[in-house]
$ cat input-v3.cif   # mmCIF, C-alpha atoms
data_start
#
loop_
_atom_site.group_PDB
_atom_site.id
_atom_site.type_symbol
_atom_site.label_atom_id
_atom_site.label_comp_id
_atom_site.auth_asym_id
_atom_site.auth_seq_id
_atom_site.Cartn_x
_atom_site.Cartn_y
_atom_site.Cartn_z
ATOM 1 C CA MET A 1 13.130 -16.378 -30.722
ATOM 2 C CA ALA A 2 14.965 -16.960 -33.933
ATOM 3 C CA TYR A 3 18.429 -15.594 -34.417
ATOM 4 C CA ALA A 4 18.943 -14.043 -37.803
ATOM 5 C CA HIS A 5 22.282 -14.789 -39.295
ATOM 6 C CA SER A 6 24.312 -11.699 -39.903
ATOM 7 C CA ASP A 7 27.354 -11.634 -42.128
ATOM 8 C CA THR A 8 28.169 -8.012 -41.581
ATOM 9 C CA THR A 9 28.800 -8.018 -37.846
ATOM 10 C CA GLY A 10 31.549 -10.597 -37.778
ATOM 11 C CA VAL A 11 30.961 -11.147 -34.058
ATOM 12 C CA ALA A 12 30.511 -14.868 -34.103
ATOM 13 C CA SER A 13 30.803 -17.309 -36.917
ATOM 14 C CA GLU A 14 27.668 -19.214 -35.898
ATOM 15 C CA ASP A 15 24.611 -17.915 -34.137
ATOM 16 C CA LEU A 16 26.455 -17.930 -30.892
ATOM 17 C CA LEU A 17 25.278 -15.902 -27.969
ATOM 18 C CA THR A 18 28.171 -13.644 -27.004
ATOM 19 C CA PRO A 19 27.831 -12.283 -23.490
ATOM 20 C CA PHE A 20 30.103 -9.645 -22.003
ATOM 21 C CA LYS A 21 30.388 -8.724 -18.388
ATOM 22 C CA ILE A 22 30.734 -5.261 -16.925
ATOM 23 C CA VAL A 23 31.077 -4.951 -13.176
ATOM 24 C CA ILE A 24 29.886 -2.011 -11.124
ATOM 25 C CA GLY A 25 31.866 -1.194 -8.019
ATOM 26 C CA GLY A 26 31.640 1.513 -5.404
ATOM 27 C CA GLY A 27 30.882 1.970 -1.742
ATOM 28 C CA PHE A 28 27.788 0.912 0.103
ATOM 29 C CA GLY A 29 24.769 3.041 -0.807
ATOM 30 C CA VAL A 30 26.411 4.957 -3.648
ATOM 31 C CA GLY A 31 23.729 4.040 -6.187
ATOM 32 C CA LYS A 32 24.940 0.832 -7.853
ATOM 33 C CA THR A 33 21.538 -0.823 -7.626
ATOM 34 C CA THR A 34 19.876 2.285 -9.056
ATOM 35 C CA LEU A 35 22.360 2.404 -11.918
ATOM 36 C CA VAL A 36 21.904 -1.250 -12.841
ATOM 37 C CA SER A 37 18.121 -1.191 -12.583
ATOM 38 C CA SER A 38 17.729 2.025 -14.566
ATOM 39 C CA ILE A 39 19.181 0.409 -17.693
ATOM 40 C CA SER A 40 18.462 -3.309 -17.278
ATOM 41 C CA GLU A 41 15.805 -5.428 -18.955
ATOM 42 C CA VAL A 42 15.587 -7.992 -16.157
ATOM 43 C CA ARG A 43 15.141 -8.483 -12.427
ATOM 44 C CA PRO A 44 17.912 -8.992 -9.863
ATOM 45 C CA LEU A 45 19.634 -12.210 -8.912
ATOM 46 C CA SER A 46 20.043 -13.675 -5.511
ATOM 47 C CA THR A 47 23.008 -15.711 -4.452
ATOM 48 C CA GLU A 48 23.313 -17.973 -1.479
ATOM 49 C CA GLU A 49 26.803 -17.673 -0.133
ATOM 50 C CA THR A 50 28.837 -19.637 2.296
ATOM 51 C CA LEU A 51 29.388 -17.707 5.488
ATOM 52 C CA SER A 52 33.075 -17.124 5.880
ATOM 53 C CA THR A 53 35.039 -16.873 9.058
ATOM 54 C CA ALA A 54 35.184 -13.129 8.417
ATOM 55 C CA SER A 55 31.526 -12.905 9.289
ATOM 56 C CA ILE A 56 32.037 -14.449 12.711
ATOM 57 C CA GLY A 57 31.018 -11.836 15.228
ATOM 58 C CA VAL A 58 29.177 -9.879 12.545
ATOM 59 C CA ASP A 59 26.429 -12.287 11.623
ATOM 60 C CA SER A 60 25.251 -13.806 14.857
ATOM 61 C CA LEU A 61 24.879 -17.547 14.539
ATOM 62 C CA ALA A 62 23.626 -18.082 18.085
ATOM 63 C CA GLY A 63 21.054 -20.855 18.002
ATOM 64 C CA VAL A 64 21.555 -21.541 14.279
ATOM 65 C CA SER A 65 24.879 -23.331 14.362
ATOM 66 C CA GLY A 66 23.838 -25.382 11.329
ATOM 67 C CA LYS A 67 23.516 -22.278 9.172
ATOM 68 C CA ARG A 68 26.446 -22.064 6.837
ATOM 69 C CA THR A 69 25.098 -19.870 4.095
ATOM 70 C CA THR A 70 23.444 -16.508 3.782
ATOM 71 C CA THR A 71 21.571 -14.845 0.981
ATOM 72 C CA VAL A 72 23.262 -11.978 -0.746
ATOM 73 C CA ALA A 73 21.329 -10.058 -3.341
ATOM 74 C CA LEU A 74 23.397 -9.345 -6.382
ATOM 75 C CA ASP A 75 22.654 -6.488 -8.729
ATOM 76 C CA TYR A 76 22.313 -7.924 -12.153
ATOM 77 C CA GLY A 77 21.295 -6.262 -15.359
ATOM 78 C CA ARG A 78 21.115 -7.294 -18.969
ATOM 79 C CA LEU A 79 21.296 -5.239 -22.133
ATOM 80 C CA THR A 80 20.686 -6.941 -25.439
ATOM 81 C CA LEU A 81 22.610 -5.191 -28.179
ATOM 82 C CA GLY A 82 21.807 -6.605 -31.577
ATOM 83 C CA ASN A 83 21.372 -10.264 -32.381
ATOM 84 C CA GLN A 84 24.059 -11.948 -30.358
ATOM 85 C CA VAL A 85 25.917 -9.425 -28.276
ATOM 86 C CA THR A 86 24.599 -9.022 -24.774
ATOM 87 C CA LEU A 87 26.045 -6.917 -21.978
ATOM 88 C CA TYR A 88 25.600 -8.139 -18.439
ATOM 89 C CA LEU A 89 26.038 -5.718 -15.568
ATOM 90 C CA PHE A 90 26.901 -7.055 -12.138
ATOM 91 C CA GLY A 91 27.181 -4.936 -9.036
ATOM 92 C CA LEU A 92 29.890 -5.827 -6.554
ATOM 93 C CA PRO A 93 28.344 -5.984 -3.081
ATOM 94 C CA GLY A 94 29.353 -2.722 -1.431
ATOM 95 C CA GLN A 95 29.984 -3.954 2.067
ATOM 96 C CA GLU A 96 33.617 -4.802 2.623
ATOM 97 C CA ARG A 97 32.658 -8.082 4.249
ATOM 98 C CA PHE A 98 31.223 -9.404 0.999
ATOM 99 C CA SER A 99 34.446 -8.758 -0.894
ATOM 100 C CA PHE A 100 35.083 -12.526 -1.091
ATOM 101 C CA LEU A 101 32.391 -12.493 -3.786
ATOM 102 C CA TRP A 102 34.204 -9.943 -5.915
ATOM 103 C CA ASP A 103 36.565 -12.396 -7.636
ATOM 104 C CA GLN A 104 33.640 -14.566 -8.684
ATOM 105 C CA VAL A 105 31.676 -11.635 -10.019
ATOM 106 C CA ALA A 106 34.548 -9.852 -11.755
ATOM 107 C CA TYR A 107 36.063 -12.984 -13.331
ATOM 108 C CA GLY A 108 36.557 -12.485 -17.045
ATOM 109 C CA ALA A 109 34.960 -9.039 -17.106
ATOM 110 C CA LEU A 110 35.303 -6.712 -20.071
ATOM 111 C CA GLY A 111 35.539 -3.610 -17.910
ATOM 112 C CA ALA A 112 34.262 -1.920 -14.796
ATOM 113 C CA VAL A 113 32.510 1.203 -13.595
ATOM 114 C CA VAL A 114 33.306 2.612 -10.173
ATOM 115 C CA MET A 115 30.501 4.711 -8.776
ATOM 116 C CA ALA A 116 31.594 7.517 -6.513
ATOM 117 C CA ASP A 117 29.865 10.046 -4.323
ATOM 118 C CA VAL A 118 31.985 13.195 -4.026
ATOM 119 C CA ARG A 119 30.946 13.556 -0.381
ATOM 120 C CA ARG A 120 32.300 10.125 0.479
ATOM 121 C CA LEU A 121 35.084 9.577 -2.030
ATOM 122 C CA ASP A 122 37.047 7.269 0.247
ATOM 123 C CA ASP A 123 34.232 4.700 -0.014
ATOM 124 C CA CYS A 124 35.302 3.840 -3.536
ATOM 125 C CA PHE A 125 39.014 3.349 -2.764
ATOM 126 C CA ALA A 126 38.498 -0.387 -2.255
ATOM 127 C CA SER A 127 36.968 -0.875 -5.726
ATOM 128 C CA VAL A 128 39.544 1.374 -7.435
ATOM 129 C CA ASN A 129 42.372 -0.585 -5.821
ATOM 130 C CA TYR A 130 40.741 -3.861 -6.684
ATOM 131 C CA PHE A 131 40.319 -3.070 -10.397
ATOM 132 C CA GLU A 132 43.791 -1.527 -10.650
ATOM 133 C CA LYS A 133 45.327 -4.644 -9.142
ATOM 134 C CA MET A 134 43.270 -6.828 -11.477
ATOM 135 C CA GLY A 135 44.381 -4.801 -14.486
ATOM 136 C CA LEU A 136 40.772 -4.213 -15.504
ATOM 137 C CA THR A 137 39.890 -1.083 -17.482
ATOM 138 C CA PHE A 138 37.481 1.057 -15.490
ATOM 139 C CA ALA A 139 35.687 4.387 -15.609
ATOM 140 C CA ILE A 140 34.684 6.531 -12.648
ATOM 141 C CA ALA A 141 31.034 7.598 -12.590
ATOM 142 C CA LEU A 142 30.420 10.510 -10.246
ATOM 143 C CA ASN A 143 26.843 10.106 -9.140
ATOM 144 C CA CYS A 144 25.290 13.570 -9.148
ATOM 145 C CA PHE A 145 23.272 13.556 -5.970
ATOM 146 C CA ASP A 146 21.054 16.636 -5.891
ATOM 147 C CA GLU A 147 22.559 18.000 -2.712
ATOM 148 C CA ALA A 148 26.167 17.074 -3.484
ATOM 149 C CA PRO A 149 28.658 19.834 -4.258
ATOM 150 C CA MET A 150 30.138 19.923 -7.766
ATOM 151 C CA TYR A 151 33.811 19.217 -8.232
ATOM 152 C CA ASP A 152 36.111 19.477 -11.169
ATOM 153 C CA PRO A 153 36.786 15.909 -12.394
ATOM 154 C CA GLU A 154 40.508 16.685 -12.276
ATOM 155 C CA GLU A 155 40.255 17.351 -8.548
ATOM 156 C CA VAL A 156 38.611 13.948 -8.178
ATOM 157 C CA ARG A 157 41.381 12.399 -10.277
ATOM 158 C CA ALA A 158 43.992 13.886 -7.977
ATOM 159 C CA ALA A 159 42.099 12.827 -4.863
ATOM 160 C CA LEU A 160 41.816 9.243 -6.109
ATOM 161 C CA ASP A 161 45.354 9.265 -7.539
ATOM 162 C CA LEU A 162 44.113 7.948 -10.890
ATOM 163 C CA ASP A 163 46.071 7.441 -14.102
ATOM 164 C CA PRO A 164 45.385 10.103 -16.741
ATOM 165 C CA ASP A 165 43.691 7.570 -19.036
ATOM 166 C CA VAL A 166 40.971 6.644 -16.531
ATOM 167 C CA PRO A 167 37.827 8.477 -17.673
ATOM 168 C CA ILE A 168 35.723 10.359 -15.126
ATOM 169 C CA VAL A 169 32.101 10.948 -16.068
ATOM 170 C CA MET A 170 29.274 12.780 -14.351
ATOM 171 C CA CYS A 171 26.299 10.498 -14.039
ATOM 172 C CA ASP A 172 22.753 10.464 -12.800
ATOM 173 C CA ALA A 173 22.197 6.818 -11.906
ATOM 174 C CA ARG A 174 18.417 7.272 -12.195
ATOM 175 C CA GLU A 175 18.655 8.278 -15.853
ATOM 176 C CA SER A 176 19.107 5.458 -18.329
ATOM 177 C CA ARG A 177 20.644 7.808 -20.913
ATOM 178 C CA SER A 178 23.175 8.990 -18.394
ATOM 179 C CA VAL A 179 24.073 5.405 -17.484
ATOM 180 C CA ARG A 180 24.316 4.548 -21.164
ATOM 181 C CA ASP A 181 26.793 7.402 -21.654
ATOM 182 C CA VAL A 182 28.950 6.027 -18.839
ATOM 183 C CA LEU A 183 28.993 2.614 -20.525
ATOM 184 C CA ILE A 184 29.826 4.197 -23.893
ATOM 185 C CA THR A 185 32.763 6.063 -22.327
ATOM 186 C CA LEU A 186 34.010 2.849 -20.747
ATOM 187 C CA VAL A 187 33.769 0.815 -23.962
ATOM 188 C CA GLU A 188 35.427 3.651 -25.927
ATOM 189 C CA THR A 189 38.348 3.522 -23.502
ATOM 190 C CA ILE A 190 38.625 -0.246 -23.916
ATOM 191 C CA TYR A 191 38.374 0.212 -27.683
ATOM 192 C CA ALA A 192 41.193 2.744 -27.700
ATOM 193 C CA SER A 193 43.572 0.477 -25.816
ATOM 194 C CA GLN A 194 42.608 -2.553 -27.909
ATOM 195 C CA TYR A 195 43.128 -0.472 -31.056
ATOM 196 C CA ARG A 196 46.625 0.419 -29.904
ATOM 197 C CA ALA A 197 47.325 -3.238 -29.128
ATOM 198 C CA GLU A 198 46.061 -4.409 -32.509
ATOM 199 C CA SER A 199 48.038 -1.823 -34.466
ATOM 200 C CA ARG A 200 51.168 -2.881 -32.611
ATOM 201 C CA TRP A 201 50.636 -6.403 -33.911
ATOM 202 C CA ALA A 202 49.768 -5.332 -37.431
ATOM 203 C CA MET B 1 5.961 -14.533 -11.760
ATOM 204 C CA ALA B 2 8.113 -17.365 -10.528
ATOM 205 C CA GLY B 3 6.555 -19.839 -8.106
ATOM 206 C CA GLY B 4 2.973 -19.777 -6.934
ATOM 207 C CA TYR B 5 2.316 -16.914 -4.612
ATOM 208 C CA ASN B 6 -1.225 -16.739 -3.335
ATOM 209 C CA LYS B 7 -2.828 -14.046 -1.229
ATOM 210 C CA PHE B 8 -1.629 -15.664 2.008
ATOM 211 C CA GLN B 9 1.984 -15.499 0.991
ATOM 212 C CA ARG B 10 3.931 -12.365 0.495
ATOM 213 C CA ARG B 11 6.641 -12.366 -2.087
ATOM 214 C CA ASN B 12 9.304 -11.146 0.310
ATOM 215 C CA VAL B 13 8.941 -13.936 2.854
ATOM 216 C CA GLY B 14 11.378 -16.073 0.876
ATOM 217 C CA PRO B 15 11.166 -19.716 -0.065
ATOM 218 C CA VAL B 16 9.421 -22.208 2.209
ATOM 219 C CA VAL B 17 12.107 -24.767 1.463
ATOM 220 C CA ARG B 18 15.677 -23.786 2.251
ATOM 221 C CA PRO B 19 17.588 -23.096 -0.984
ATOM 222 C CA TYR B 20 20.044 -25.977 -0.843
ATOM 223 C CA ALA B 21 17.323 -28.538 -0.170
ATOM 224 C CA VAL B 22 16.799 -28.773 -3.944
ATOM 225 C CA THR B 23 20.423 -29.775 -4.441
ATOM 226 C CA GLY B 24 20.187 -32.457 -1.787
ATOM 227 C CA GLY B 25 22.433 -30.412 0.461
ATOM 228 C CA ARG B 26 25.293 -30.132 -2.010
ATOM 229 C CA THR B 27 27.004 -26.755 -2.056
ATOM 230 C CA THR B 28 29.617 -27.474 -4.723
ATOM 231 C CA PRO B 29 29.078 -29.006 -8.173
ATOM 232 C CA ARG B 30 30.107 -32.641 -8.416
ATOM 233 C CA SER B 31 32.500 -31.990 -11.261
ATOM 234 C CA GLY B 32 34.283 -29.382 -9.153
ATOM 235 C CA GLU B 33 34.095 -26.934 -12.022
ATOM 236 C CA THR B 34 32.360 -23.696 -11.128
ATOM 237 C CA LEU B 35 30.327 -22.117 -13.882
ATOM 238 C CA ASP B 36 30.850 -18.436 -14.514
ATOM 239 C CA PHE B 37 27.831 -16.129 -14.337
ATOM 240 C CA ILE B 38 27.897 -15.507 -18.069
ATOM 241 C CA ASP B 39 28.815 -18.981 -19.286
ATOM 242 C CA VAL B 40 26.450 -19.937 -22.098
ATOM 243 C CA VAL B 41 24.513 -23.200 -21.813
ATOM 244 C CA VAL B 42 22.148 -24.973 -24.178
ATOM 245 C CA SER B 43 20.236 -28.242 -24.021
ATOM 246 C CA THR B 44 21.370 -31.191 -26.102
ATOM 247 C CA GLY B 45 17.937 -32.828 -26.409
ATOM 248 C CA GLU B 46 18.996 -35.693 -24.143
ATOM 249 C CA THR B 47 16.270 -36.603 -21.628
ATOM 250 C CA ILE B 48 17.027 -36.133 -17.949
ATOM 251 C CA GLY B 49 17.026 -38.589 -15.096
ATOM 252 C CA VAL B 50 18.220 -41.533 -17.165
ATOM 253 C CA VAL B 51 21.679 -41.665 -15.665
ATOM 254 C CA ASN B 52 20.648 -40.556 -12.209
ATOM 255 C CA PRO B 53 16.936 -40.396 -11.305
ATOM 256 C CA ALA B 54 17.834 -38.030 -8.464
ATOM 257 C CA HIS B 55 18.583 -35.432 -11.121
ATOM 258 C CA ASP B 56 15.008 -35.368 -12.340
ATOM 259 C CA THR B 57 13.457 -32.796 -10.025
ATOM 260 C CA PRO B 58 11.038 -29.979 -10.922
ATOM 261 C CA GLU B 59 13.934 -27.550 -10.604
ATOM 262 C CA HIS B 60 16.118 -29.549 -12.979
ATOM 263 C CA ARG B 61 13.239 -29.635 -15.459
ATOM 264 C CA LYS B 62 12.595 -25.940 -15.121
ATOM 265 C CA ILE B 63 16.245 -25.185 -15.817
ATOM 266 C CA LEU B 64 16.383 -27.617 -18.720
ATOM 267 C CA ARG B 65 13.366 -25.938 -20.309
ATOM 268 C CA MET B 66 15.185 -22.614 -20.124
ATOM 269 C CA CYS B 67 18.111 -24.139 -22.000
ATOM 270 C CA ASP B 68 15.994 -24.868 -25.087
ATOM 271 C CA ARG B 69 17.846 -21.973 -26.578
ATOM 272 C CA GLN B 70 21.204 -20.548 -25.617
ATOM 273 C CA THR B 71 21.100 -18.778 -22.302
ATOM 274 C CA THR B 72 23.508 -17.737 -19.580
ATOM 275 C CA VAL B 73 23.857 -18.986 -16.016
ATOM 276 C CA ALA B 74 22.818 -15.549 -14.740
ATOM 277 C CA ASP B 75 19.678 -15.531 -16.881
ATOM 278 C CA VAL B 76 18.695 -18.972 -15.601
ATOM 279 C CA GLY B 77 19.129 -17.675 -12.054
ATOM 280 C CA SER B 78 17.079 -14.597 -12.730
ATOM 281 C CA ALA B 79 14.240 -16.434 -14.442
ATOM 282 C CA THR B 80 13.990 -19.266 -11.919
ATOM 283 C CA GLN B 81 14.638 -17.039 -8.877
ATOM 284 C CA LEU B 82 16.919 -19.744 -7.518
ATOM 285 C CA PRO B 83 20.152 -18.602 -5.864
ATOM 286 C CA ILE B 84 23.012 -18.607 -8.348
ATOM 287 C CA GLY B 85 24.919 -21.195 -6.275
ATOM 288 C CA VAL B 86 21.988 -23.579 -6.544
ATOM 289 C CA VAL B 87 21.610 -22.933 -10.267
ATOM 290 C CA ARG B 88 25.275 -23.760 -10.813
ATOM 291 C CA ILE B 89 24.945 -27.089 -9.025
ATOM 292 C CA LEU B 90 21.754 -28.112 -10.850
ATOM 293 C CA LEU B 91 23.221 -27.038 -14.199
ATOM 294 C CA GLY B 92 26.313 -29.059 -13.279
ATOM 295 C CA ASP B 93 24.076 -32.135 -12.851
ATOM 296 C CA LEU B 94 22.499 -31.540 -16.251
ATOM 297 C CA ILE B 95 25.887 -31.036 -17.907
ATOM 298 C CA GLU B 96 27.273 -34.157 -16.238
ATOM 299 C CA GLN B 97 24.509 -36.335 -17.600
ATOM 300 C CA GLY B 98 24.664 -34.782 -21.046
ATOM 301 C CA SER B 99 21.290 -33.009 -21.116
ATOM 302 C CA VAL B 100 22.948 -29.618 -21.261
ATOM 303 C CA THR B 101 26.199 -28.541 -22.805
ATOM 304 C CA LEU B 102 28.447 -25.637 -22.038
ATOM 305 C CA VAL B 103 29.198 -23.316 -24.946
ATOM 306 C CA ARG B 104 32.372 -21.352 -24.397
ATOM 307 C CA SER B 105 32.437 -18.593 -26.927
ATOM 308 C CA ARG B 106 35.925 -17.346 -26.115
ATOM 309 C CA PRO B 107 38.620 -17.938 -23.524
ATOM 310 C CA ALA B 108 37.686 -16.178 -20.314
ATOM 311 C CA GLY B 109 39.406 -12.886 -19.780
ATOM 312 C CA SER B 110 40.489 -12.468 -23.371
ATOM 313 C CA ARG B 111 39.753 -9.101 -24.846
ATOM 314 C CA PRO B 112 37.379 -8.872 -27.779
ATOM 315 C CA SER B 113 38.643 -7.411 -31.042
ATOM 316 C CA THR B 114 37.975 -3.800 -32.033
ATOM 317 C CA LYS B 115 35.385 -5.164 -34.447
ATOM 318 C CA VAL B 116 33.354 -6.645 -31.595
ATOM 319 C CA LEU B 117 33.906 -3.583 -29.412
ATOM 320 C CA GLN B 118 32.658 -1.420 -32.248
ATOM 321 C CA GLU B 119 29.494 -3.487 -32.374
ATOM 322 C CA ILE B 120 28.982 -3.049 -28.628
ATOM 323 C CA LEU B 121 29.434 0.710 -29.066
ATOM 324 C CA ASN B 122 26.972 0.822 -31.948
ATOM 325 C CA GLY B 123 24.461 -1.110 -29.868
ATOM 326 C CA LEU B 124 24.859 1.201 -26.884
ATOM 327 C CA ARG B 125 24.551 4.330 -29.012
ATOM 328 C CA ALA B 126 21.371 2.989 -30.567
ATOM 329 C CA LEU B 127 19.690 2.492 -27.167
#
$ encode --input "input-v3.cif" --output "structure tokens"
Amino acid sequence: MAYAHSDTTGVASEDLLTPFKIVIGGGFGVGKTTLVSSISEVRPLSTEETLSTASIGVDSLAGVSGKRTTTVALDYGRLTLGNQVTLYLFGLPGQERFSFLWDQVAYGALGAVVMADVRRLDDCFASVNYFEKMGLTFAIALNCFDEAPMYDPEEVRAALDLDPDVPIVMCDARESRSVRDVLITLVETIYASQYRAESRWA
Amino acid sequence: MAGGYNKFQRRNVGPVVRPYAVTGGRTTPRSGETLDFIDVVVSTGETIGVVNPAHDTPEHRKILRMCDRQTTVADVGSATQLPIGVVRILLGDLIEQGSVTLVRSRPAGSRPSTKVLQEILNGLRAL
């Protein structure tokens, strides 16, 4: 594929591929894989990870004492936007015991989406805490499960003790348009804070 | 479809060879530098296996072919269906011997300008 040179975008001086990373957090089974696959152009990644001491007693190694790694599937999605800019979506493994992977996945990310199920809100506390501590801009996506009760986003904000500038969006992870809207909200939030930062410098 | 799956093999049975066999048992890159998932790599045109013949395996070649044009570590992993840890080690070999080079577009963690963010927004809205 040839990359057309574009003078108007100003993204990169040469024809440089410019990837950005958005991480998707949330509890186990909340719909991260569905969200990533409903908008992605590509298939998932697998990673082979070193078993940590935290998995002792969880992953039985009886009879396989030489086994030091395990395969962890990683949700991975790609969205090509224009000539050079590409968004990569990575899901953080939901199980708490894979949290050692989070730093690797979230390193250098542009922003994050935390998926939440209103019936099991506490499942997303770990991701919310993680992104807050990291100082990463994130948006909450309330996955609208058919049978889930509806809540006012402000009630969710209070329950999660979120800052007023954290956006909360209703989302159907199966719908690519819905997922796209979540990403737009997230990038708009990042834009707004970057705009404020840039005008401070100007 | 990656790899040759015939009617006697189901796709979900996993590889016949354990993943780290292709790295010769190494689990960390020799240089000690871990590639990020979205680091951009591209081939330099240098042939492989000259410096170290052990780095001329089918997997190395497969990865090198993918680097004909700029690509990311994650995309190499997805296309080759090799675990990302393995991809990072093999790419590390190729970088070390000069067949592949790492293109860092911006310092990790730095925030893009509003101009770039606006382009991302335009792209998303056009989807």
$ atom_distance --input "input-v3.cif" --atom1 "atom CA of A:Glu155" --atom2 "atom CA of A:Leu121"
11.4 Å
$ atom_distance --input "input-v3.cif" --atom1 "atom CA of A:Cys124" --atom2 "atom CA of A:Ala141"
10.7 Å
$ closest_atom_pairs --input "input-v3.cif" --of "chain B" --to "chain A" --cutoff "10 Å" --atoms "only C-alpha atoms" --output "JSON lines"
{"residue": "B:Pro19", "atom": "CA", "partner": "A:Glu48", "partner_atom": "CA", "distance": 7.7}
{"residue": "B:Tyr20", "atom": "CA", "partner": "A:Glu48", "partner_atom": "CA", "distance": 8.7}
{"residue": "B:Thr27", "atom": "CA", "partner": "A:Thr50", "partner_atom": "CA", "distance": 8.5}
{"residue": "B:Thr34", "atom": "CA", "partner": "A:Gln104", "partner_atom": "CA", "distance": 9.5}
{"residue": "B:Leu35", "atom": "CA", "partner": "A:Gln104", "partner_atom": "CA", "distance": 9.7}
{"residue": "B:Asp36", "atom": "CA", "partner": "A:Gln104", "partner_atom": "CA", "distance": 7.5}
{"residue": "B:Phe37", "atom": "CA", "partner": "A:Val105", "partner_atom": "CA", "distance": 7.3}
{"residue": "B:Ile38", "atom": "CA", "partner": "A:Pro19", "partner_atom": "CA", "distance": 6.3}
{"residue": "B:Asp39", "atom": "CA", "partner": "A:Pro19", "partner_atom": "CA", "distance": 8.0}
{"residue": "B:Val40", "atom": "CA", "partner": "A:Leu17", "partner_atom": "CA", "distance": 7.2}
{"residue": "B:Val41", "atom": "CA", "partner": "A:Leu17", "partner_atom": "CA", "distance": 9.6}
{"residue": "B:Arg69", "atom": "CA", "partner": "A:Met1", "partner_atom": "CA", "distance": 8.4}
{"residue": "B:Gln70", "atom": "CA", "partner": "A:Leu17", "partner_atom": "CA", "distance": 6.6}
{"residue": "B:Thr71", "atom": "CA", "partner": "A:Leu17", "partner_atom": "CA", "distance": 7.6}
{"residue": "B:Thr72", "atom": "CA", "partner": "A:Pro19", "partner_atom": "CA", "distance": 8.0}
{"residue": "B:Ala74", "atom": "CA", "partner": "A:Leu45", "partner_atom": "CA", "distance": 7.4}
{"residue": "B:Asp75", "atom": "CA", "partner": "A:Val42", "partner_atom": "CA", "distance": 8.6}
{"residue": "B:Val76", "atom": "CA", "partner": "A:Leu45", "partner_atom": "CA", "distance": 9.6}
{"residue": "B:Gly77", "atom": "CA", "partner": "A:Leu45", "partner_atom": "CA", "distance": 6.3}
{"residue": "B:Ser78", "atom": "CA", "partner": "A:Leu45", "partner_atom": "CA", "distance": 5.2}
{"residue": "B:Ala79", "atom": "CA", "partner": "A:Arg43", "partner_atom": "CA", "distance": 8.3}
{"residue": "B:Thr80", "atom": "CA", "partner": "A:Leu45", "partner_atom": "CA", "distance": 9.5}
{"residue": "B:Gln81", "atom": "CA", "partner": "A:Leu45", "partner_atom": "CA", "distance": 6.9}
{"residue": "B:Leu82", "atom": "CA", "partner": "A:Ser46", "partner_atom": "CA", "distance": 7.1}
{"residue": "B:Pro83", "atom": "CA", "partner": "A:Thr47", "partner_atom": "CA", "distance": 4.3}
{"residue": "B:Ile84", "atom": "CA", "partner": "A:Thr47", "partner_atom": "CA", "distance": 4.9}
{"residue": "B:Gly85", "atom": "CA", "partner": "A:Glu48", "partner_atom": "CA", "distance": 6.0}
{"residue": "B:Val86", "atom": "CA", "partner": "A:Glu48", "partner_atom": "CA", "distance": 7.7}
{"residue": "B:Val87", "atom": "CA", "partner": "A:Thr47", "partner_atom": "CA", "distance": 9.4}
{"residue": "B:Val103", "atom": "CA", "partner": "A:Leu16", "partner_atom": "CA", "distance": 8.5}
{"residue": "B:Arg104", "atom": "CA", "partner": "A:Thr18", "partner_atom": "CA", "distance": 9.2}
{"residue": "B:Ser105", "atom": "CA", "partner": "A:Thr18", "partner_atom": "CA", "distance": 6.5}
{"residue": "B:Arg106", "atom": "CA", "partner": "A:Thr18", "partner_atom": "CA", "distance": 8.6}
{"residue": "B:Pro107", "atom": "CA", "partner": "A:Gly108", "partner_atom": "CA", "distance": 8.7}
{"residue": "B:Ala108", "atom": "CA", "partner": "A:Gly108", "partner_atom": "CA", "distance": 5.1}
{"residue": "B:Gly109", "atom": "CA", "partner": "A:Gly108", "partner_atom": "CA", "distance": 4.0}
{"residue": "B:Ser110", "atom": "CA", "partner": "A:Gly108", "partner_atom": "CA", "distance": 7.4}
{"residue": "B:Arg111", "atom": "CA", "partner": "A:Leu110", "partner_atom": "CA", "distance": 7.0}
{"residue": "B:Pro112", "atom": "CA", "partner": "A:Gln194", "partner_atom": "CA", "distance": 8.2}
{"residue": "B:Ser113", "atom": "CA", "partner": "A:Gln194", "partner_atom": "CA", "distance": 7.0}
{"residue": "B:Thr114", "atom": "CA", "partner": "A:Tyr191", "partner_atom": "CA", "distance": 5.9}
{"residue": "B:Lys115", "atom": "CA", "partner": "A:Gly10", "partner_atom": "CA", "distance": 7.4}
{"residue": "B:Val116", "atom": "CA", "partner": "A:Val11", "partner_atom": "CA", "distance": 5.7}
{"residue": "B:Leu117", "atom": "CA", "partner": "A:Tyr191", "partner_atom": "CA", "distance": 6.1}
{"residue": "B:Gln118", "atom": "CA", "partner": "A:Tyr191", "partner_atom": "CA", "distance": 7.5}
{"residue": "B:Glu119", "atom": "CA", "partner": "A:Thr9", "partner_atom": "CA", "distance": 7.1}
{"residue": "B:Ile120", "atom": "CA", "partner": "A:Leu81", "partner_atom": "CA", "distance": 6.7}
{"residue": "B:Leu121", "atom": "CA", "partner": "A:Ile184", "partner_atom": "CA", "distance": 6.3}
{"residue": "B:Asn122", "atom": "CA", "partner": "A:Leu81", "partner_atom": "CA", "distance": 8.3}
{"residue": "B:Gly123", "atom": "CA", "partner": "A:Leu81", "partner_atom": "CA", "distance": 4.8}
{"residue": "B:Leu124", "atom": "CA", "partner": "A:Ile184", "partner_atom": "CA", "distance": 6.5}
{"residue": "B:Arg125", "atom": "CA", "partner": "A:Ile184", "partner_atom": "CA", "distance": 7.4}
{"residue": "B:Ala126", "atom": "CA", "partner": "A:Leu81", "partner_atom": "CA", "distance": 8.6}
{"residue": "B:Leu127", "atom": "CA", "partner": "A:Arg180", "partner_atom": "CA", "distance": 7.9}
$ resolve_selection --input "input-v3.cif" --expression "the PyMOL selection byres ((chain B and resi 25) around 12)" --output "ChimeraX atom specification"
/A:67-69 /B:17-24,26-30,85-86,89-90
